[in-house]
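Undergrad: Below is the file final39.cif, with mmCIF, C-alpha atoms.
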```cif
data_final
#
loop_
_atom_site.label_atom_id
_atom_site.label_comp_id
_atom_site.auth_asym_id
_atom_site.auth_seq_id
_atom_site.Cartn_x
_atom_site.Cartn_y
_atom_site.Cartn_z
CA MET A 1 -78.36 -82.66 121.35
CA GLY A 2 -76.22 -85.83 121.17
CA ALA A 3 -77.60 -87.17 124.47
CA LEU A 4 -81.20 -86.42 123.45
CA GLN A 5 -80.68 -88.09 120.09
CA ARG A 6 -79.34 -91.23 121.79
CA ILE A 7 -82.44 -91.33 124.01
CA ALA A 8 -84.71 -90.99 120.97
CA ASP A 9 -82.83 -93.71 119.10
CA ARG A 10 -83.08 -95.99 122.11
CA TYR A 11 -86.87 -95.66 122.26
CA ARG A 12 -87.24 -96.13 118.51
CA ASN A 13 -85.16 -99.29 118.71
CA ARG A 14 -87.31 -100.57 121.56
CA GLU A 15 -90.47 -99.97 119.58
CA GLY A 16 -88.96 -101.92 116.71
CA HIS A 17 -88.49 -104.87 119.07
CA GLY A 18 -92.05 -104.82 120.34
CA GLU A 19 -91.55 -102.51 123.30
CA PRO A 20 -94.13 -99.68 123.28
CA PHE A 21 -93.37 -95.99 123.50
CA PRO A 22 -93.79 -94.75 127.11
CA THR A 23 -97.36 -93.69 127.82
CA HIS A 24 -96.90 -91.57 130.96
CA GLY A 25 -94.52 -90.17 133.51
CA ALA A 26 -90.94 -89.01 133.20
CA LYS A 27 -90.09 -91.64 130.58
CA ARG A 28 -92.70 -90.24 128.22
CA PHE A 29 -91.63 -86.67 129.01
CA PHE A 30 -88.02 -87.28 127.99
CA ALA A 31 -88.89 -89.59 125.10
CA LEU A 32 -91.16 -86.97 123.53
CA LEU A 33 -88.65 -84.23 124.22
CA SER A 34 -85.86 -86.13 122.53
CA SER A 35 -88.01 -87.12 119.56
CA HIS A 36 -89.31 -83.59 118.94
CA PHE A 37 -86.33 -81.48 119.98
CA TRP A 38 -85.95 -79.70 116.63
CA LYS A 39 -89.68 -79.06 116.48
CA LEU A 40 -89.43 -77.23 119.79
CA ILE A 41 -86.78 -74.95 118.29
CA THR A 42 -89.04 -74.27 115.30
CA LEU A 43 -91.98 -73.61 117.63
CA ASN A 44 -89.92 -71.25 119.75
CA LEU A 45 -88.93 -69.21 116.70
CA LEU A 46 -92.53 -69.15 115.43
CA PHE A 47 -93.77 -67.97 118.82
CA VAL A 48 -91.21 -65.17 118.99
CA LEU A 49 -91.97 -64.08 115.42
CA PHE A 50 -95.75 -64.07 115.85
CA SER A 51 -95.53 -62.33 119.24
CA LEU A 52 -93.63 -59.29 117.97
CA PRO A 53 -96.77 -57.15 117.39
CA ILE A 54 -97.56 -57.71 121.14
CA VAL A 55 -101.32 -57.79 120.50
CA THR A 56 -100.84 -61.18 118.85
CA LEU A 57 -98.95 -62.65 121.83
CA PRO A 58 -102.02 -64.39 123.41
CA ALA A 59 -102.90 -66.11 120.12
CA ALA A 60 -99.26 -67.07 119.58
CA LEU A 61 -99.14 -68.61 123.06
CA ILE A 62 -102.29 -70.62 122.37
CA GLY A 63 -100.84 -71.77 119.05
CA LEU A 64 -97.66 -72.84 120.84
CA ASN A 65 -99.68 -74.70 123.47
CA ARG A 66 -101.79 -76.38 120.81
CA VAL A 67 -98.79 -77.94 119.10
CA LEU A 68 -97.19 -78.98 122.38
CA LEU A 69 -100.41 -80.58 123.63
CA LEU A 70 -100.75 -82.48 120.36
CA ILE A 71 -97.24 -83.83 120.87
CA ILE A 72 -98.08 -84.84 124.46
CA ARG A 73 -101.46 -86.37 123.59
CA GLU A 74 -100.80 -87.97 120.20
CA GLY A 75 -97.02 -88.10 119.94
CA HIS A 76 -96.88 -86.19 116.65
CA CYS A 77 -97.86 -82.88 115.06
CA PHE A 78 -97.53 -80.68 111.98
CA VAL A 79 -95.70 -77.72 113.44
CA TRP A 80 -96.50 -74.91 111.00
CA GLN A 81 -99.99 -76.08 110.04
CA ASP A 82 -101.18 -76.77 113.60
CA PHE A 83 -99.60 -73.59 114.98
CA PHE A 84 -100.94 -71.25 112.29
CA GLU A 85 -104.44 -72.75 112.23
CA GLU A 86 -104.74 -72.35 116.00
CA PHE A 87 -103.25 -68.86 115.83
CA LYS A 88 -105.91 -67.76 113.30
CA ARG A 89 -108.73 -69.49 115.18
CA SER A 90 -107.78 -68.03 118.55
CA PHE A 91 -106.74 -64.50 117.63
CA LEU A 92 -109.98 -62.70 118.50
CA ARG A 93 -111.14 -64.94 121.31
CA SER A 94 -107.72 -64.79 122.99
CA LEU A 95 -107.75 -61.01 123.35
CA PRO A 96 -109.90 -60.90 126.54
CA LEU A 97 -107.64 -63.45 128.23
CA GLY A 98 -104.61 -61.49 127.11
CA LEU A 99 -106.04 -58.26 128.51
CA ILE A 100 -106.87 -59.88 131.85
CA SER A 101 -103.41 -61.44 132.12
CA GLY A 102 -101.64 -58.24 131.06
CA ALA A 103 -103.65 -56.08 133.45
CA GLY A 104 -103.03 -58.52 136.31
CA LEU A 105 -99.29 -58.67 135.72
CA PHE A 106 -99.09 -54.87 135.38
CA ALA A 107 -100.95 -54.46 138.68
CA ALA A 108 -98.58 -56.95 140.31
CA TYR A 109 -95.56 -55.07 138.96
CA TYR A 110 -96.97 -51.77 140.26
CA LEU A 111 -97.56 -53.23 143.73
CA ILE A 112 -94.03 -54.66 143.89
CA SER A 113 -92.63 -51.29 142.75
CA LEU A 114 -94.57 -49.54 145.51
CA GLY A 115 -93.23 -52.05 147.98
CA LEU A 116 -89.62 -51.53 146.91
CA SER A 117 -89.97 -47.75 147.00
CA ASN A 118 -91.26 -48.03 150.57
CA ALA A 119 -88.73 -50.63 151.67
CA GLY A 120 -88.32 -50.96 155.40
CA SER A 121 -91.90 -49.99 156.22
CA VAL A 122 -94.89 -52.20 156.97
CA PHE A 123 -96.64 -50.84 153.88
CA GLY A 124 -93.67 -51.74 151.72
CA MET A 125 -93.74 -55.34 152.90
CA MET A 126 -97.50 -55.48 152.41
CA PHE A 127 -97.32 -54.14 148.84
CA CYS A 128 -94.52 -56.57 147.92
CA ALA A 129 -96.44 -59.51 149.38
CA LEU A 130 -99.61 -58.53 147.50
CA GLY A 131 -97.65 -58.07 144.28
CA LEU A 132 -95.94 -61.46 144.55
CA PHE A 133 -99.22 -63.16 145.41
CA LEU A 134 -100.95 -61.56 142.42
CA THR A 135 -98.05 -62.54 140.14
CA ALA A 136 -98.26 -66.17 141.26
CA PHE A 137 -102.05 -66.16 140.88
CA ILE A 138 -102.00 -64.72 137.35
CA LEU A 139 -99.21 -67.03 136.16
CA GLN A 140 -100.99 -70.12 137.49
CA TRP A 141 -104.38 -69.05 136.20
CA GLY A 142 -102.92 -68.10 132.83
CA SER A 143 -101.19 -71.48 132.51
CA TRP A 144 -104.49 -73.30 132.95
CA ALA A 145 -106.56 -70.87 130.86
CA PHE A 146 -104.28 -70.66 127.82
CA ALA A 147 -103.84 -74.45 127.78
CA LEU A 148 -107.61 -74.97 128.00
CA MET A 149 -108.11 -72.48 125.17
CA ALA A 150 -105.85 -74.65 123.02
CA LEU A 151 -107.69 -77.85 123.94
CA LEU A 152 -111.35 -76.82 124.06
CA ASP A 153 -113.61 -75.31 121.46
CA ALA A 154 -115.29 -73.20 124.12
CA ASP A 155 -116.05 -69.57 124.87
CA ASN A 156 -114.03 -67.47 127.31
CA ARG A 157 -116.56 -67.85 130.10
CA THR A 158 -116.30 -71.65 129.98
CA VAL A 159 -112.51 -71.50 129.84
CA LEU A 160 -112.37 -69.15 132.84
CA LYS A 161 -114.78 -71.35 134.81
CA ASN A 162 -112.78 -74.50 134.14
CA ALA A 163 -109.44 -72.79 134.83
CA TRP A 164 -110.71 -71.59 138.21
CA ALA A 165 -112.06 -75.06 139.04
CA LEU A 166 -108.72 -76.69 138.19
CA MET A 167 -106.86 -74.13 140.30
CA ARG A 168 -108.99 -75.08 143.30
CA THR A 169 -108.82 -78.85 142.82
CA GLU A 170 -105.24 -79.26 141.55
CA SER A 171 -103.29 -77.30 144.16
CA LYS A 172 -100.15 -79.48 143.95
CA ARG A 173 -99.94 -79.10 140.20
CA GLY A 174 -100.63 -75.40 140.66
CA LEU A 175 -97.57 -75.12 142.90
CA ALA A 176 -95.57 -76.99 140.26
CA LEU A 177 -96.70 -74.49 137.61
CA ILE A 178 -95.64 -71.57 139.80
CA GLY A 179 -92.31 -73.30 140.40
CA VAL A 180 -91.66 -73.71 136.68
CA HIS A 181 -92.44 -70.04 136.05
CA SER A 182 -90.25 -68.96 138.97
CA VAL A 183 -87.23 -70.97 137.81
CA SER A 184 -87.67 -69.77 134.22
CA LEU A 185 -87.89 -66.11 135.28
CA ALA A 186 -84.95 -66.48 137.66
CA LEU A 187 -82.76 -67.94 134.90
CA LEU A 188 -83.75 -65.16 132.52
CA LEU A 189 -82.90 -62.42 135.02
CA LEU A 190 -79.81 -63.93 136.61
CA LEU A 191 -78.15 -64.79 133.29
CA PHE A 192 -79.28 -61.66 131.42
CA PRO A 193 -78.27 -60.67 128.74
CA ILE A 194 -76.74 -64.06 127.84
CA SER A 195 -80.09 -65.74 128.60
CA VAL A 196 -81.77 -63.89 125.71
CA ILE A 197 -80.22 -66.24 123.15
CA PRO A 198 -81.46 -69.58 124.60
CA PHE A 199 -84.84 -68.02 125.39
CA ALA A 200 -85.20 -66.90 121.77
CA LEU A 201 -84.14 -70.31 120.44
CA ILE A 202 -85.58 -73.01 122.69
CA PHE A 203 -86.26 -72.11 126.34
CA ILE A 204 -89.73 -70.61 125.90
CA ALA A 205 -90.99 -73.69 124.05
CA PHE A 206 -89.29 -76.00 126.56
CA THR A 207 -90.88 -74.14 129.50
CA GLN A 208 -94.30 -74.35 127.89
CA TYR A 209 -93.75 -78.03 127.11
CA LEU A 210 -93.09 -78.64 130.79
CA LEU A 211 -96.16 -76.61 131.80
CA CYS A 212 -98.38 -78.41 129.28
CA PHE A 213 -97.08 -81.79 130.44
CA ILE A 214 -98.09 -80.91 134.01
CA ILE A 215 -101.47 -79.61 132.88
CA TYR A 216 -102.58 -82.25 130.38
CA THR A 217 -103.28 -85.19 132.71
CA PRO A 218 -105.79 -83.46 135.03
CA VAL A 219 -107.46 -81.69 132.10
CA ASN A 220 -107.81 -85.00 130.27
CA GLU A 221 -109.13 -86.83 133.34
CA ARG A 222 -111.47 -84.12 134.63
CA ILE A 223 -112.72 -82.47 131.43
CA LEU A 224 -111.93 -84.25 128.16
CA GLU A 225 -112.66 -87.87 129.09
CA PRO A 226 -115.95 -87.13 130.94
CA TYR A 227 -117.09 -85.04 127.97
CA TYR A 228 -116.31 -87.64 125.32
CA ASN A 229 -117.57 -90.55 127.44
CA GLN A 230 -120.87 -89.00 128.47
CA PRO A 231 -123.95 -90.91 127.22
CA LYS A 232 -125.57 -89.43 124.14
CA ARG A 233 -128.94 -87.76 124.55
CA GLU A 234 -132.00 -89.49 123.22
CA GLY A 235 -132.74 -88.58 119.66
CA THR A 236 -129.09 -87.89 118.78
CA THR A 237 -126.85 -90.04 116.66
#
```
Represent the supplied structure as structure tokens.
TA:
Amino acid sequence: MGALQRIADRYRNREGHGEPFPTHGAKRFFALLSSHFWKLITLNLLFVLFSLPIVTLPAALIGLNRVLLLIIREGHCFVWQDFFEEFKRSFLRSLPLGLISGAGLFAAYYLISLGLSNAGSVFGMMFCALGLFLTAFILQWGSWAFALMALLDADNRTVLKNAWALMRTESKRGLALIGVHSVSLALLLLLFPISVIPFALIFIAFTQYLLCFIIYTPVNERILEPYYNQPKREGTT
């Protein structure tokens, strides 16, 4: 935390001398991270707490994304208020997305299990490949969809449509999303059970912060800005 605090102090001192807070790129990523480090710990604990009933996990994830996207977009947030308001707002509408994601990941797990139980055969390789492909697809799609749910006041059909469009047009960022998920899962499994402690305290929120940072720019450029900048219809004020 000492290094992060020094980075935050450095940027605050620069602002005081007329130098603006970074607006994009890695500088903004680390500046926001250092300035809101303790908020990420609070968010992580809130997410874990509100995810315990399992059925509430999709809404908790959207609440987590909402706060993180506010930090990325505006540079500030009210952790408890913003998280809980989004959690309540998204509870019912998040259930279909949660069911789709859960069913997809379960199917991927089943295919990989079939592949491992038939190791050495062509069918085993095929099942493993299908399972890994489905896992990557669901994780990427879920990253877009649950972030869009936190940003847009839209129904599930609109969210699914936009998530699919972003997956097709933002392939490089999609690969980055899959990479973040892969590294996070690898760390959890390779360092288990020691990894449970950092995951419960900070790593989930940090992973989602990284995912949201990757996601926000294309969503803002392709969806939010065109929507807010579109000409008003005649007869409206």
Undergrad: Please write the residues picked by the PyMOL selection byres ((chain A and resi 39-48) around 12) on this file as a compact mmCIF listing (two decimals) with C-alpha atoms, in the coordinates of the input.
TA:
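Produced file expr.txt, reproduced below:
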```txt
# COMPACT_ATOMS: atom_id res chain seq x y z
CA MET A 1 -78.36 -82.66 121.35
CA LEU A 32 -91.16 -86.97 123.53
CA LEU A 33 -88.65 -84.23 124.22
CA SER A 34 -85.86 -86.13 122.53
CA SER A 35 -88.01 -87.12 119.56
CA HIS A 36 -89.31 -83.59 118.94
CA PHE A 37 -86.33 -81.48 119.98
CA TRP A 38 -85.95 -79.70 116.63
CA LEU A 49 -91.97 -64.08 115.42
CA PHE A 50 -95.75 -64.07 115.85
CA SER A 51 -95.53 -62.33 119.24
CA LEU A 52 -93.63 -59.29 117.97
CA PRO A 53 -96.77 -57.15 117.39
CA ILE A 54 -97.56 -57.71 121.14
CA THR A 56 -100.84 -61.18 118.85
CA LEU A 57 -98.95 -62.65 121.83
CA PRO A 58 -102.02 -64.39 123.41
CA ALA A 59 -102.90 -66.11 120.12
CA ALA A 60 -99.26 -67.07 119.58
CA LEU A 61 -99.14 -68.61 123.06
CA ILE A 62 -102.29 -70.62 122.37
CA GLY A 63 -100.84 -71.77 119.05
CA LEU A 64 -97.66 -72.84 120.84
CA ASN A 65 -99.68 -74.70 123.47
CA ARG A 66 -101.79 -76.38 120.81
CA VAL A 67 -98.79 -77.94 119.10
CA LEU A 68 -97.19 -78.98 122.38
CA ILE A 71 -97.24 -83.83 120.87
CA HIS A 76 -96.88 -86.19 116.65
CA CYS A 77 -97.86 -82.88 115.06
CA PHE A 78 -97.53 -80.68 111.98
CA VAL A 79 -95.70 -77.72 113.44
CA TRP A 80 -96.50 -74.91 111.00
CA GLN A 81 -99.99 -76.08 110.04
CA ASP A 82 -101.18 -76.77 113.60
CA PHE A 83 -99.60 -73.59 114.98
CA PHE A 84 -100.94 -71.25 112.29
CA PHE A 87 -103.25 -68.86 115.83
CA VAL A 196 -81.77 -63.89 125.71
CA ILE A 197 -80.22 -66.24 123.15
CA PRO A 198 -81.46 -69.58 124.60
CA PHE A 199 -84.84 -68.02 125.39
CA ALA A 200 -85.20 -66.90 121.77
CA LEU A 201 -84.14 -70.31 120.44
CA ILE A 202 -85.58 -73.01 122.69
CA PHE A 203 -86.26 -72.11 126.34
CA ILE A 204 -89.73 -70.61 125.90
CA ALA A 205 -90.99 -73.69 124.05
CA PHE A 206 -89.29 -76.00 126.56
CA THR A 207 -90.88 -74.14 129.50
CA GLN A 208 -94.30 -74.35 127.89
CA TYR A 209 -93.75 -78.03 127.11
CA LEU A 210 -93.09 -78.64 130.79
```
Undergrad: List every residue of range 180-237 of chain A that has an atom at most 10 Å from any atom of range 162-166 of chain A, giving for each one its closest atom pair and the distance in Å to one decimal, counting only C-alpha atoms, sorted by chain and then by ascending residue number, as CSV.
TA:
```
residue,atom,partner,partner_atom,distance
A:Ile215,CA,A:Leu166,CA,9.4
A:Pro218,CA,A:Leu166,CA,8.0
A:Val219,CA,A:Leu166,CA,8.0
A:Arg222,CA,A:Leu166,CA,8.7
A:Ile223,CA,A:Asn162,CA,8.4
```
Undergrad: Since we have the selection now, will you write its residues out, keeping C-alpha atoms, as a PDB file, in the coordinates of the input?
TA:
```
ATOM      1  CA  ILE A 215    -101.470 -79.610 132.880  1.00  0.00           C
ATOM      2  CA  PRO A 218    -105.790 -83.460 135.030  1.00  0.00           C
ATOM      3  CA  VAL A 219    -107.460 -81.690 132.100  1.00  0.00           C
ATOM      4  CA  ARG A 222    -111.470 -84.120 134.630  1.00  0.00           C
ATOM      5  CA  ILE A 223    -112.720 -82.470 131.430  1.00  0.00           C
TER       6      ILE A 223
END
```
Undergrad: Take the PyMOL selection byres ((chain A and resi 130) around 12), run it mentally on this structure, and tell me the resulting residues as an MDAnalysis selection string.
TA: chainID A and resid 104:105 107:115 123:129 131:137
Undergrad: Suppose you want the space between CA of Arg73 in chain A and CA of Phe91 in chain A; what is it in Å?
TA: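 CA of Phe91 in chain A lies 23.3 Å from CA of Arg73 in chain A.
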Undergrad: Could you list the residues chosen by the PyMOL selection byres ((chain A and resi 148) around 9) in this structure as a ChimeraX atom specification?
TA: /A:62,143-147,149-154,159-160,162-163,219
Undergrad: Could you please take those selected residues and save C-alpha atoms as a tab-separated table (two decimals), keeping the file's coordinate frame?
TA:
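Result saved to result-v4.tsv:
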```tsv
chain	number	residue	atom	x	y	z
A	62	ILE	CA	-102.29	-70.62	122.37
A	143	SER	CA	-101.19	-71.48	132.51
A	144	TRP	CA	-104.49	-73.30	132.95
A	145	ALA	CA	-106.56	-70.87	130.86
A	146	PHE	CA	-104.28	-70.66	127.82
A	147	ALA	CA	-103.84	-74.45	127.78
A	149	MET	CA	-108.11	-72.48	125.17
A	150	ALA	CA	-105.85	-74.65	123.02
A	151	LEU	CA	-107.69	-77.85	123.94
A	152	LEU	CA	-111.35	-76.82	124.06
A	153	ASP	CA	-113.61	-75.31	121.46
A	154	ALA	CA	-115.29	-73.20	124.12
A	159	VAL	CA	-112.51	-71.50	129.84
A	160	LEU	CA	-112.37	-69.15	132.84
A	162	ASN	CA	-112.78	-74.50	134.14
A	163	ALA	CA	-109.44	-72.79	134.83
A	219	VAL	CA	-107.46	-81.69	132.10
```
Undergrad: Which residue is closest to Ala103 in chain A? Choose from A:Glu221, A:Ile138, A:Lys161, A:Leu191 and count all atoms listed in the file.
TA: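 Closest to Ala103 in chain A, using all atoms listed in the file: A:Ile138.
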Undergrad: Enclose the full set of atoms of range 105-117 of chain A listed in the file within a box whose edges lie along x, y and z, apply 4 Å of padding to each of the six sides, and report centre and edge lengths in Å to one decimal as AutoDock Vina command-line options.
TA:
```
--center_x -95.3 --center_y -53.2 --center_z 141.7 --size_x 19.3 --size_y 18.9 --size_z 20.6
```
Undergrad: At a cut-off of 10 Å, using only C-alpha atoms, what residues contact Ser182 in chain A? Leave out same-chain residues fewer than 6 positions from it and give the result as a list in words.
TA: Ala136, Leu139, Ala176 and Leu188 of chain A
Undergrad: In Å, how far is it from CA of Ser94 in chain A to CA of Asp155 in chain A?
TA: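 Atom-to-atom, CA of Ser94 in chain A and CA of Asp155 in chain A are spaced 9.8 Å apart.
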Undergrad: Report, in Å to a single decimal, how far apart CA of Met167 in chain A and CA of Trp141 in chain A are.
TA: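 We find that CA of Trp141 in chain A and CA of Met167 in chain A lie 7.0 Å from each other.
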Undergrad: Using only C-alpha atoms, which of A:Asn220, A:Lys27, A:Glu74, A:Leu97 sits nearest Asn156 in chain A?
TA: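 Nearest to Asn156 in chain A: A:Leu97.
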Undergrad: Find the residue from A:Glu170, A:Leu70, A:Ile100, A:Ala31 that sits nearest to Glu86 in chain A; use all atoms listed in the file when measuring.
TA: A:Leu70
Undergrad: N, CA and C atoms are what I want for range 67-79 of chain A; can you complete it accordingly and write them as a PDB file, in the frame of the given file?
TA:
```pdb
ATOM      1  N   VAL A  67     -99.747 -77.007 119.673  1.00  0.00           N
ATOM      2  CA  VAL A  67     -98.790 -77.940 119.100  1.00  0.00           C
ATOM      3  C   VAL A  67     -98.171 -78.817 120.184  1.00  0.00           C
ATOM      4  N   LEU A  68     -97.800 -78.222 121.297  1.00  0.00           N
ATOM      5  CA  LEU A  68     -97.190 -78.980 122.380  1.00  0.00           C
ATOM      6  C   LEU A  68     -98.153 -80.010 122.959  1.00  0.00           C
ATOM      7  N   LEU A  69     -99.414 -79.654 123.103  1.00  0.00           N
ATOM      8  CA  LEU A  69    -100.410 -80.580 123.630  1.00  0.00           C
ATOM      9  C   LEU A  69    -100.700 -81.709 122.644  1.00  0.00           C
ATOM     10  N   LEU A  70    -100.622 -81.421 121.350  1.00  0.00           N
ATOM     11  CA  LEU A  70    -100.750 -82.480 120.360  1.00  0.00           C
ATOM     12  C   LEU A  70     -99.598 -83.471 120.474  1.00  0.00           C
ATOM     13  N   ILE A  71     -98.396 -82.955 120.684  1.00  0.00           N
ATOM     14  CA  ILE A  71     -97.240 -83.830 120.870  1.00  0.00           C
ATOM     15  C   ILE A  71     -97.435 -84.703 122.111  1.00  0.00           C
ATOM     16  N   ILE A  72     -97.895 -84.099 123.205  1.00  0.00           N
ATOM     17  CA  ILE A  72     -98.080 -84.840 124.460  1.00  0.00           C
ATOM     18  C   ILE A  72     -99.200 -85.855 124.328  1.00  0.00           C
ATOM     19  N   ARG A  73    -100.295 -85.485 123.676  1.00  0.00           N
ATOM     20  CA  ARG A  73    -101.460 -86.370 123.590  1.00  0.00           C
ATOM     21  C   ARG A  73    -101.303 -87.441 122.517  1.00  0.00           C
ATOM     22  N   GLU A  74    -100.819 -87.063 121.337  1.00  0.00           N
ATOM     23  CA  GLU A  74    -100.800 -87.970 120.200  1.00  0.00           C
ATOM     24  C   GLU A  74     -99.401 -88.423 119.791  1.00  0.00           C
ATOM     25  N   GLY A  75     -98.382 -87.713 120.265  1.00  0.00           N
ATOM     26  CA  GLY A  75     -97.020 -88.100 119.940  1.00  0.00           C
ATOM     27  C   GLY A  75     -96.516 -87.575 118.617  1.00  0.00           C
ATOM     28  N   HIS A  76     -97.315 -86.756 117.932  1.00  0.00           N
ATOM     29  CA  HIS A  76     -96.880 -86.190 116.650  1.00  0.00           C
ATOM     30  C   HIS A  76     -97.663 -84.909 116.383  1.00  0.00           C
ATOM     31  N   CYS A  77     -97.191 -84.121 115.426  1.00  0.00           N
ATOM     32  CA  CYS A  77     -97.860 -82.880 115.060  1.00  0.00           C
ATOM     33  C   CYS A  77     -97.316 -82.385 113.724  1.00  0.00           C
ATOM     34  N   PHE A  78     -98.013 -81.411 113.139  1.00  0.00           N
ATOM     35  CA  PHE A  78     -97.530 -80.680 111.980  1.00  0.00           C
ATOM     36  C   PHE A  78     -97.290 -79.249 112.448  1.00  0.00           C
ATOM     37  N   VAL A  79     -96.035 -78.927 112.686  1.00  0.00           N
ATOM     38  CA  VAL A  79     -95.700 -77.720 113.440  1.00  0.00           C
ATOM     39  C   VAL A  79     -96.340 -76.473 112.844  1.00  0.00           C
TER      40      VAL A  79
END
```
